[in-house]
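K.L.:
Have a look at this one.
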Amino acid sequence: MSENPNPIPPTPGDTLIFENDRVRVWTMTLPPGGMFDFHQHHHDHVVIWPDAGQVQGQELGDEEWGIVQNAEPGFVLYKTVGSTKPLNPHRIRNLRNETVTHYVIELLETSPSREELPWTYNDHGEFIFPGRTEH
């Protein structure tokens with residue numbers, strides 16, 4: 001079996017700002033038009049937008065940037081990754097003309113769900129992930 005020469009990093013942000021035995025907290029800061037390249041999520045996690053932002057995401061192998069996040073201040077998303085496998089690799093790009101930052105909080109304990117569940121989120125924004133969201 002050959003190894004992937006370009007493994008997908010499991011880092012869901014650019015800076016790890018806190019870690020203990022239960023959680024990891026990352027920031028993802030994107031400059032105007034900037035992109036955070038392909039990565040994977042291995043743990044259930046919460047995404048928090050303290051300020052407004054607008055980004056698109058693209059799953060590995062997709063031609064379209066079909067994932068959309070239009071965040072107002074206080075937008076929160078939750079994702080159950082499940083214990084079977086990580087999420088498909090994806091990347092994200094900033095559509096705004098200003099720098100945006102959001103936080104990703106990974107829950108390090110084994111997920112209570114074996115399978116991936118749809119994204120859930122509050123009413124402080126819009127999240128479109130064709131076939132994988134529920135409000």
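A note on labels: chains of the structure tokens are A, B, ... as shown, every chain counts residues from 1, and ligands are counted from 1 in their shown order.
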Give me, as a Markdown table, each residue of range 75-128 of chain A that comes within 12 Å of range 55-66 of chain A, together with its shortest interatomic pair and the distance in Å at one decimal, counting only C-alpha atoms, with rows ordered by chain and rising residue number.

P.N.:
| residue | atom | partner | partner_atom | distance |
| --- | --- | --- | --- | --- |
| A:Leu87 | CA | A:Glu59 | CA | 9.7 |
| A:Asn88 | CA | A:Glu59 | CA | 6.7 |
| A:Pro89 | CA | A:Leu60 | CA | 5.5 |
| A:His90 | CA | A:Glu59 | CA | 4.1 |
| A:Arg91 | CA | A:Gln58 | CA | 5.4 |
| A:Ile92 | CA | A:Gly57 | CA | 4.2 |
| A:Arg93 | CA | A:Val55 | CA | 5.4 |
| A:Asn94 | CA | A:Val55 | CA | 4.6 |
| A:Leu95 | CA | A:Val55 | CA | 5.3 |
| A:Arg96 | CA | A:Val55 | CA | 7.7 |
| A:Asn97 | CA | A:Val55 | CA | 11.2 |
| A:Glu98 | CA | A:Val55 | CA | 11.6 |
| A:Thr99 | CA | A:Val55 | CA | 11.1 |
| A:Val100 | CA | A:Val55 | CA | 9.1 |
| A:Thr101 | CA | A:Val55 | CA | 10.7 |
| A:His102 | CA | A:Val55 | CA | 10.7 |
| A:Gly125 | CA | A:Val55 | CA | 11.7 |
| A:Glu126 | CA | A:Val55 | CA | 10.7 |
| A:Phe127 | CA | A:Gln56 | CA | 9.8 |
| A:Ile128 | CA | A:Gly66 | CA | 7.7 |

K.L.:
Which residues are close to Gly74 in chain A, i.e. within 7 Å by only C-alpha atoms, leaving aside same-chain residues fewer than 6 positions away? Reply as an MDAnalysis selection string.

P.N.:
chainID A and resid 48:51 124

K.L.:
Name all residues at most 12 Å from Pro7 in chain A (count only C-alpha atoms; drop same-chain ones fewer than 6 positions away) and give them as a short mmCIF file (atom, residue, chain, number, x, y, z; two decimals) with N, CA and C atoms, in the first residue's frame.

P.N.:
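Output file part32.cif is given in full below:
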data_model
loop_
_atom_site.label_atom_id
_atom_site.label_comp_id
_atom_site.auth_asym_id
_atom_site.auth_seq_id
_atom_site.Cartn_x
_atom_site.Cartn_y
_atom_site.Cartn_z
N PHE A 38 -6.75 22.85 2.00
CA PHE A 38 -7.43 21.62 2.38
C PHE A 38 -7.00 21.13 3.76
N HIS A 39 -7.99 20.74 4.54
CA HIS A 39 -7.80 20.22 5.89
C HIS A 39 -8.98 19.30 6.21
N GLN A 40 -8.86 18.56 7.30
CA GLN A 40 -9.93 17.65 7.72
C GLN A 40 -10.26 17.89 9.18
N PRO A 89 -12.01 16.12 3.25
CA PRO A 89 -11.16 17.32 3.21
C PRO A 89 -11.88 18.46 2.48
#

K.L.:
Work out how far CA of Phe75 in chain A is from CA of Ile8 in chain A, in Å to one decimal.

P.N.:
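Straight-line distance from CA of Ile8 in chain A to CA of Phe75 in chain A works out to 26.9 Å.
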
K.L.:
So, counting only C-alpha atoms, which residue among A:Val46, A:Gly53, A:Thr84, A:Met35 is closest to Asn122 in chain A?

P.N.:
A:Val46

K.L.:
Check the smallest atom-to-atom distance from each of A:Leu30, A:Val68, A:Val23, A:Ile17 to His45 in chain A using only C-alpha atoms, then report the winner.

P.N.:
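Ranking A:Leu30, A:Val68, A:Val23, A:Ile17 by distance to His45 in chain A, first place goes to A:Val23.
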
K.L.:
Please provide as a PyMOL selection string all residues within 7 Å of Ala52 in chain A, with the sequence filter that same-chain residues fewer than 2 positions apart are discarded (counting only C-alpha atoms).

P.N.:
chain A and resi 49+71-73

K.L.:
Those residues you just picked out, can you put them in a file as a PDB file, in the first residue's frame with N, CA and C atoms?

P.N.:
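Wrote again.pdb, looks like this:
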ATOM      1  N   TRP A  49     -18.307  32.606  15.085  1.00  0.00           N
ATOM      2  CA  TRP A  49     -17.959  33.836  14.370  1.00  0.00           C
ATOM      3  C   TRP A  49     -18.264  35.021  15.295  1.00  0.00           C
ATOM      4  N   ALA A  71     -22.033  34.952   7.814  1.00  0.00           N
ATOM      5  CA  ALA A  71     -22.097  35.066   9.267  1.00  0.00           C
ATOM      6  C   ALA A  71     -22.365  36.494   9.708  1.00  0.00           C
ATOM      7  N   GLU A  72     -23.288  36.623  10.653  1.00  0.00           N
ATOM      8  CA  GLU A  72     -23.470  37.848  11.410  1.00  0.00           C
ATOM      9  C   GLU A  72     -22.708  37.654  12.717  1.00  0.00           C
ATOM     10  N   PRO A  73     -22.431  38.733  13.468  1.00  0.00           N
ATOM     11  CA  PRO A  73     -21.750  38.545  14.751  1.00  0.00           C
ATOM     12  C   PRO A  73     -22.515  37.549  15.631  1.00  0.00           C
TER      13      PRO A  73
END

K.L.:
In Å, how far is it from CA of Pro130 in chain A to CA of Pro118 in chain A?

P.N.:
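Computing the Euclidean distance for CA of Pro130 in chain A and CA of Pro118 in chain A yields 10.4 Å.
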
K.L.:
Please determine, counting only C-alpha atoms, which residue among A:Thr15, A:Thr27, A:Thr120, A:Asn20 has the shortest atom-to-atom distance to Val76 in chain A.

P.N.:
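The shortest atom-to-atom distance to Val76 in chain A comes from A:Thr120.
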